[in-house]
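Heads up, run-v1.txt below (compact mmCIF, C-alpha atoms):
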```
# COMPACT_ATOMS: atom_id res chain seq x y z
CA MET A 1 -61.03 35.35 249.48
CA PRO A 2 -58.22 33.11 250.69
CA PRO A 3 -55.74 34.07 253.43
CA GLY A 4 -52.83 36.08 252.08
CA THR A 5 -55.02 38.02 249.65
CA PRO A 6 -53.51 41.52 249.28
CA TYR A 7 -55.51 44.46 250.49
CA LEU A 8 -56.93 46.92 247.98
CA ASP A 9 -56.27 50.45 249.26
CA ILE A 10 -58.70 53.03 247.87
CA SER A 11 -58.80 56.77 248.63
CA VAL A 12 -62.06 58.64 248.14
CA GLY A 13 -62.21 62.41 248.41
CA VAL A 14 -65.08 64.75 249.15
CA LEU A 15 -64.65 68.25 247.73
CA ALA A 16 -64.75 70.45 250.83
CA LEU A 17 -64.84 73.98 249.45
CA GLN A 18 -68.46 74.59 250.46
CA GLY A 19 -71.61 72.58 251.16
CA ALA A 20 -72.54 69.28 252.82
CA PHE A 21 -69.13 67.59 252.66
CA SER A 22 -68.88 66.35 256.27
CA GLU A 23 -72.24 64.53 255.96
CA HIS A 24 -70.93 62.69 252.89
CA THR A 25 -67.75 61.68 254.72
CA GLN A 26 -69.74 60.28 257.65
CA LEU A 27 -72.02 58.25 255.39
CA LEU A 28 -69.08 56.98 253.34
CA ARG A 29 -67.51 55.59 256.52
CA LYS A 30 -70.78 53.89 257.45
CA ALA A 31 -71.17 52.46 253.93
CA SER A 32 -67.61 51.11 253.84
CA GLN A 33 -68.06 49.37 257.20
CA LEU A 34 -71.25 47.71 255.98
CA LEU A 35 -69.54 46.58 252.77
CA GLN A 36 -66.60 45.12 254.68
CA ALA A 37 -68.93 43.21 256.97
CA LYS A 38 -71.05 42.10 254.04
CA ASP A 39 -68.59 40.60 251.62
CA ASN A 40 -65.21 42.22 251.27
CA PRO A 41 -62.85 42.70 254.22
CA TYR A 42 -59.87 43.04 251.84
CA ARG A 43 -60.61 46.63 250.85
CA ARG A 44 -59.13 49.42 252.93
CA TRP A 45 -60.91 52.71 252.44
CA THR A 46 -59.49 56.17 253.17
CA PHE A 47 -61.83 59.15 253.08
CA LEU A 48 -60.46 62.68 252.93
CA GLU A 49 -61.75 66.21 252.57
CA VAL A 50 -60.31 67.82 249.44
CA ARG A 51 -59.39 71.50 249.31
CA THR A 52 -56.08 71.49 247.42
CA GLN A 53 -54.57 70.03 244.26
CA ALA A 54 -52.27 67.84 246.37
CA GLU A 55 -55.27 66.34 248.21
CA LEU A 56 -57.10 65.77 244.92
CA ALA A 57 -54.05 63.98 243.51
CA ARG A 58 -54.30 61.41 246.33
CA CYS A 59 -57.85 60.43 245.33
CA ASP A 60 -59.02 57.45 243.32
CA ALA A 61 -62.56 58.86 243.28
CA LEU A 62 -64.37 62.05 244.28
CA ILE A 63 -67.73 63.32 245.53
CA ILE A 64 -68.80 66.89 244.74
CA PRO A 65 -71.40 67.68 247.40
CA GLY A 66 -74.57 69.69 247.55
CA GLY A 67 -74.36 73.35 248.51
CA GLU A 68 -74.35 76.43 246.30
CA SER A 69 -72.98 75.52 242.88
CA THR A 70 -71.98 79.12 242.09
CA ALA A 71 -70.12 79.44 245.41
CA ILE A 72 -68.33 76.11 244.92
CA SER A 73 -67.34 77.17 241.40
CA LEU A 74 -66.03 80.57 242.54
CA VAL A 75 -64.05 79.13 245.45
CA ALA A 76 -62.62 76.45 243.13
CA GLN A 77 -61.49 79.22 240.74
CA ARG A 78 -59.83 81.21 243.52
CA CYS A 79 -58.09 78.09 244.85
CA ASN A 80 -56.85 77.17 241.35
CA MET A 81 -58.87 73.94 241.59
CA LEU A 82 -61.14 74.23 238.54
CA GLU A 83 -58.64 72.91 236.00
CA PRO A 84 -57.40 70.07 238.27
CA LEU A 85 -61.05 69.08 238.80
CA ARG A 86 -61.71 69.09 235.05
CA SER A 87 -58.61 66.98 234.54
CA PHE A 88 -59.70 64.53 237.26
CA VAL A 89 -63.21 64.13 235.83
CA LYS A 90 -62.74 64.52 232.07
CA VAL A 91 -59.10 63.69 231.28
CA SER A 92 -58.32 60.98 233.85
CA ARG A 93 -62.01 60.06 233.99
CA LYS A 94 -61.80 58.92 237.59
CA PRO A 95 -65.08 57.94 239.31
CA THR A 96 -66.95 61.08 240.36
CA TRP A 97 -70.36 61.61 241.94
CA GLY A 98 -72.11 64.97 242.18
CA THR A 99 -75.12 65.58 244.42
CA CYS A 100 -77.47 68.54 243.78
CA ALA A 101 -75.00 71.41 243.27
CA GLY A 102 -72.44 68.76 242.34
CA LEU A 103 -74.73 67.53 239.56
CA ILE A 104 -74.95 71.07 238.18
CA LEU A 105 -71.14 71.37 238.16
CA LEU A 106 -70.74 68.00 236.41
CA ALA A 107 -73.24 68.86 233.68
CA GLU A 108 -71.99 69.90 230.25
CA SER A 109 -74.76 72.51 230.13
CA ALA A 110 -76.76 74.40 232.76
CA ASN A 111 -79.61 76.80 232.17
CA ARG A 112 -81.01 79.65 234.28
CA THR A 113 -77.43 80.87 234.37
CA LYS A 114 -76.11 84.24 233.24
CA LYS A 115 -73.13 84.15 230.91
CA GLY A 116 -69.99 84.34 233.00
CA GLY A 117 -72.01 83.70 236.15
CA GLN A 118 -70.73 80.21 236.72
CA GLU A 119 -67.99 77.87 235.51
CA LEU A 120 -68.86 74.20 234.97
CA ILE A 121 -66.57 71.20 235.30
CA GLY A 122 -68.52 68.94 232.94
CA GLY A 123 -68.36 65.19 232.49
CA LEU A 124 -72.05 64.36 232.02
CA ASP A 125 -73.62 65.01 228.62
CA VAL A 126 -76.77 66.59 230.04
CA ARG A 127 -78.41 69.97 230.41
CA VAL A 128 -79.59 70.63 233.93
CA ASN A 129 -82.38 72.98 234.92
CA ARG A 130 -81.19 74.77 238.04
CA ASN A 131 -83.64 75.10 240.93
CA HIS A 132 -86.24 73.44 238.73
CA PHE A 133 -88.95 73.32 241.37
CA GLY A 134 -88.83 77.09 241.91
CA ARG A 135 -88.40 79.27 244.93
CA GLN A 136 -91.82 78.35 246.31
CA ILE A 137 -90.77 74.72 246.78
CA GLU A 138 -87.46 75.17 248.57
CA SER A 139 -87.27 71.59 249.81
CA PHE A 140 -89.29 68.39 250.02
CA GLN A 141 -88.90 64.65 250.48
CA ALA A 142 -89.97 61.90 248.09
CA LYS A 143 -89.82 58.12 248.05
CA LEU A 144 -87.81 56.92 245.06
CA ASP A 145 -87.66 53.52 243.40
CA LEU A 146 -83.99 53.16 242.39
CA PRO A 147 -83.55 49.83 240.60
CA PHE A 148 -79.74 49.99 240.71
CA LEU A 149 -79.82 49.57 244.49
CA ARG A 150 -80.85 45.94 243.99
CA GLN A 151 -77.20 45.28 243.09
CA ILE A 152 -76.19 45.63 246.74
CA ALA A 153 -79.25 43.94 248.25
CA ALA A 154 -78.71 40.75 250.25
CA ASP A 155 -81.47 39.18 248.17
CA PRO A 156 -81.54 40.70 244.62
CA ASN A 157 -85.04 39.27 244.09
CA ALA A 158 -86.49 40.91 247.19
CA VAL A 159 -88.54 44.08 246.88
CA GLU A 160 -86.16 46.95 247.57
CA LYS A 161 -87.60 49.53 249.97
CA PRO A 162 -87.93 53.03 248.51
CA PHE A 163 -85.17 55.55 249.08
CA ASP A 164 -86.36 58.57 251.06
CA ALA A 165 -84.74 61.36 249.05
CA ILE A 166 -84.33 64.94 250.22
CA PHE A 167 -84.53 67.66 247.57
CA ILE A 168 -83.30 71.17 248.44
CA ARG A 169 -83.60 73.81 245.66
CA ALA A 170 -82.90 70.88 243.40
CA PRO A 171 -81.95 70.77 239.72
CA ILE A 172 -83.26 68.16 237.31
CA VAL A 173 -81.85 66.78 234.08
CA GLU A 174 -83.87 68.59 231.43
CA LYS A 175 -82.13 67.18 228.37
CA ILE A 176 -79.79 64.30 227.56
CA LEU A 177 -77.19 65.57 225.12
CA PRO A 178 -75.38 63.60 222.42
CA ASN A 179 -71.93 62.25 223.28
CA ILE A 180 -69.73 64.39 221.02
CA THR A 181 -66.10 65.38 220.74
CA GLY A 182 -65.58 68.97 221.85
CA GLU A 183 -67.93 71.46 223.46
CA GLN A 184 -71.72 71.29 223.30
CA GLN A 185 -71.86 74.27 220.95
CA SER A 186 -75.57 73.91 220.20
CA GLU A 187 -76.19 74.45 223.92
CA ALA A 188 -74.14 77.65 223.90
CA ARG A 189 -76.83 79.21 221.69
CA VAL A 190 -79.58 78.54 224.25
CA GLU A 191 -80.56 81.64 226.23
CA ASP A 192 -79.27 81.88 229.82
CA THR A 193 -77.27 78.68 229.42
CA VAL A 194 -73.59 78.05 230.11
CA ILE A 195 -71.51 75.12 228.85
CA ALA A 196 -68.43 73.37 230.17
CA PRO A 197 -65.15 73.68 228.28
CA SER A 198 -63.99 70.63 226.36
CA ARG A 199 -61.15 68.47 227.67
CA SER A 200 -59.87 65.39 225.82
CA ILE A 201 -59.87 62.11 227.70
CA ASP A 202 -56.46 60.52 228.26
CA LYS A 203 -55.81 58.11 225.37
CA ALA A 204 -54.83 55.19 227.60
CA ILE A 205 -58.11 55.63 229.51
CA ALA A 206 -60.16 56.10 226.34
CA ASP A 207 -58.87 52.81 224.93
CA ASN A 208 -60.36 50.93 227.87
CA LEU A 209 -63.41 52.98 228.88
CA CYS A 210 -66.54 53.31 226.79
CA LEU A 211 -68.18 56.64 227.62
CA GLY A 212 -71.38 55.75 225.78
CA GLU A 213 -74.65 57.56 226.25
CA VAL A 214 -76.05 58.92 229.48
CA GLU A 215 -78.11 56.37 231.44
CA VAL A 216 -81.21 57.45 233.37
CA MET A 217 -80.74 55.94 236.84
CA GLY A 218 -83.72 57.45 238.65
CA ILE A 219 -86.86 59.51 238.15
CA LEU A 220 -89.13 61.46 240.46
CA PRO A 221 -92.59 59.91 240.01
CA GLY A 222 -95.95 61.59 240.14
CA ARG A 223 -94.96 64.77 238.32
CA THR A 224 -95.50 65.95 234.76
CA ALA A 225 -92.15 65.47 233.08
CA ALA A 226 -90.42 68.79 232.45
CA VAL A 227 -88.32 67.29 229.69
CA LYS A 228 -88.69 69.33 226.52
CA ASP A 229 -86.40 67.34 224.24
CA ASP A 230 -88.10 64.71 222.03
CA GLN A 231 -85.07 62.39 221.86
CA THR A 232 -84.81 62.35 225.64
CA LYS A 233 -88.56 61.76 225.94
CA GLU A 234 -88.28 58.68 223.75
CA LYS A 235 -86.04 57.09 226.39
CA LEU A 236 -88.63 57.64 229.10
CA ASP A 237 -91.98 56.20 229.96
CA PRO A 238 -94.44 59.01 229.13
CA GLU A 239 -95.93 58.60 232.62
CA ALA A 240 -92.51 58.97 234.22
CA GLY A 241 -91.46 62.02 236.13
CA ASP A 242 -88.40 64.23 236.12
CA ILE A 243 -84.91 62.76 235.69
CA ILE A 244 -83.10 63.03 239.02
CA ALA A 245 -80.23 60.51 238.71
CA VAL A 246 -77.93 59.85 235.73
CA ARG A 247 -74.70 58.05 234.94
CA GLN A 248 -72.28 58.22 232.03
CA ALA A 249 -69.52 55.62 232.34
CA ASN A 250 -68.08 56.32 235.82
CA VAL A 251 -69.51 59.81 236.34
CA PHE A 252 -72.72 59.78 238.39
CA GLY A 253 -75.09 62.57 239.38
CA THR A 254 -78.12 62.90 241.65
CA SER A 255 -80.47 65.88 242.07
CA PHE A 256 -81.14 65.02 245.69
CA HIS A 257 -79.07 64.75 248.90
CA PRO A 258 -78.47 61.10 249.91
CA GLU A 259 -75.94 62.31 252.51
CA LEU A 260 -78.70 63.97 254.57
CA THR A 261 -80.83 60.84 254.98
CA GLY A 262 -78.59 58.51 256.99
CA ASP A 263 -79.46 55.77 254.48
CA PRO A 264 -76.10 54.43 253.21
CA ARG A 265 -77.37 52.34 250.28
CA ILE A 266 -76.45 54.72 247.44
CA HIS A 267 -73.03 55.30 249.02
CA MET A 268 -72.57 51.52 249.28
CA TRP A 269 -73.52 51.04 245.63
CA TRP A 270 -71.22 53.85 244.52
CA LEU A 271 -68.26 52.53 246.52
CA GLU A 272 -68.71 49.17 244.76
CA GLN A 273 -68.55 50.99 241.41
CA VAL A 274 -65.42 52.81 242.59
CA ALA A 275 -63.74 49.56 243.66
CA ASP A 276 -64.47 47.94 240.29
CA SER A 277 -63.02 50.97 238.49
CA VAL A 278 -59.88 51.05 240.66
CA ILE A 279 -59.25 47.33 240.16
CA LEU A 280 -59.50 47.73 236.38
CA ARG A 281 -57.37 50.90 236.31
CA ARG A 282 -54.59 49.35 238.38
CA LYS A 283 -54.61 46.20 236.26
CA LEU A 284 -54.18 48.34 233.14
CA GLU A 285 -51.39 50.36 234.78
CA SER A 286 -49.61 47.15 235.75
CA GLU A 287 -49.89 45.82 232.21
CA GLN A 288 -48.54 49.08 230.78
CA GLU A 289 -45.54 48.95 233.15
CA ARG A 290 -44.76 45.36 232.10
CA PHE A 291 -45.08 46.34 228.43
CA GLN A 292 -42.68 49.29 228.89
CA HIS A 293 -40.06 47.09 230.58
CA HIS A 294 -40.01 44.63 227.65
```
Could you spell out this file's structure in structure tokens?
Amino acid sequence: MPPGTPYLDISVGVLALQGAFSEHTQLLRKASQLLQAKDNPYRRWTFLEVRTQAELARCDALIIPGGESTAISLVAQRCNMLEPLRSFVKVSRKPTWGTCAGLILLAESANRTKKGGQELIGGLDVRVNRNHFGRQIESFQAKLDLPFLRQIAADPNAVEKPFDAIFIRAPIVEKILPNITGEQQSEARVEDTVIAPSRSIDKAIADNLCLGEVEVMGILPGRTAAVKDDQTKEKLDPEAGDIIAVRQANVFGTSFHPELTGDPRIHMWWLEQVADSVILRRKLESEQERFQHH
């Protein structure tokens, strides 16, 4: 970029009500430094821990970390943060990434949950199976092939090394749900399943953002797929494993904990997605301001 290019200031929050938020913040800083050295010194990143509505309002994007999803949900309720979070994710549709417990909270449906036992934020049209691997397998590591990481590789044609993922009482995506208007009412009839309340996307955002279907971004190989839904199965290789990373427009979820590995590649990729979203959003806001002044 030529001299005199304006800086792009971007604020990214990490929800800090409970869980592994400080680890995310540390890896975000590392990822941003690598990105600046790699190809874009004109982005200025600010990372903040988010506990209040005022802090959330400062954010262009948000990470909801791993931890205990029920505890995060309860604390968010007590802090009057649940509705602002739903507005951030579903109305404003700002880039959001949930890891492990964060994935559960971002799901439109979660099973193994007593009615009234947990509130969901929503944003991803999926049903998650909480603690899918059972109490006997509390945690494990697995090498994942994540094709989307090639986007940040120095040589896109080079073989990308596997990502050493850490799973701790991890959920998986059991079913990809249809993208519908309103609540996932068919899910409400499933035993021990809770659904997220519906929130309408802001019209100005909806006009310029295609929500589309959920994309499968990563699978855990070497396991018998636990997916029970035929339509979801059709999107998968029958030899594939469990779905452990998904994206729908600019909402992203992973079953595992990238923040515990020290490997910044997923954080680097996500920050690139955030920057692209912020550039587009600010361009649209600028155009709307010019239109209103004429």
Selection: 8 Å around segment 178-185 of chain A, all atoms listed in the file, excl. self and same-chain fewer than 2 positions, as a PyMOL selection string
chain A and resi 108-109+125+176+187-189+195-200+212-213
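Summary of the local environment: counting only C-alpha atoms, residues at most 12 Å from segment 75-79 of chain A, other than itself and those fewer than 3 positions away along its chain, are Leu15, Ala16, Leu17, Gln18, Gly19, Val50, Arg51, Thr52, Gln53, Ala54, Ile64, Glu68, Ser69, Thr70, Ala71, Ile72, Leu82, Glu83, Pro84, Leu85, Arg86, Leu105, Gln118, Glu119, Leu120 and Ile121 of chain A.
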How about saving the chosen residues, C-alpha atoms kept, as a tab-separated table (two decimals), in the coordinates of the input?
```tsv
chain	number	residue	atom	x	y	z
A	15	LEU	CA	-64.65	68.25	247.73
A	16	ALA	CA	-64.75	70.45	250.83
A	17	LEU	CA	-64.84	73.98	249.45
A	18	GLN	CA	-68.46	74.59	250.46
A	19	GLY	CA	-71.61	72.58	251.16
A	50	VAL	CA	-60.31	67.82	249.44
A	51	ARG	CA	-59.39	71.50	249.31
A	52	THR	CA	-56.08	71.49	247.42
A	53	GLN	CA	-54.57	70.03	244.26
A	54	ALA	CA	-52.27	67.84	246.37
A	64	ILE	CA	-68.80	66.89	244.74
A	68	GLU	CA	-74.35	76.43	246.30
A	69	SER	CA	-72.98	75.52	242.88
A	70	THR	CA	-71.98	79.12	242.09
A	71	ALA	CA	-70.12	79.44	245.41
A	72	ILE	CA	-68.33	76.11	244.92
A	82	LEU	CA	-61.14	74.23	238.54
A	83	GLU	CA	-58.64	72.91	236.00
A	84	PRO	CA	-57.40	70.07	238.27
A	85	LEU	CA	-61.05	69.08	238.80
A	86	ARG	CA	-61.71	69.09	235.05
A	105	LEU	CA	-71.14	71.37	238.16
A	118	GLN	CA	-70.73	80.21	236.72
A	119	GLU	CA	-67.99	77.87	235.51
A	120	LEU	CA	-68.86	74.20	234.97
A	121	ILE	CA	-66.57	71.20	235.30
```
I'd like the neighbourhood of Thr99 of chain A as an NGL selection string, where a residue qualifies if any of its atoms comes within 7 Å (using all atoms listed in the file), though same-chain residues fewer than 6 positions away should be ignored.
:A and (64-66 or 253-257)
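Atom pair atom CA of Ala153 of chain A / atom CA of Arg281 of chain A: separated by 25.9 Å.
Among the candidate residues A:Leu144, A:Ala245, A:Ala31, A:Ala204, the one lying nearest to Arg265 of chain A is A:Ala31, with distances computed using all atoms listed in the file.
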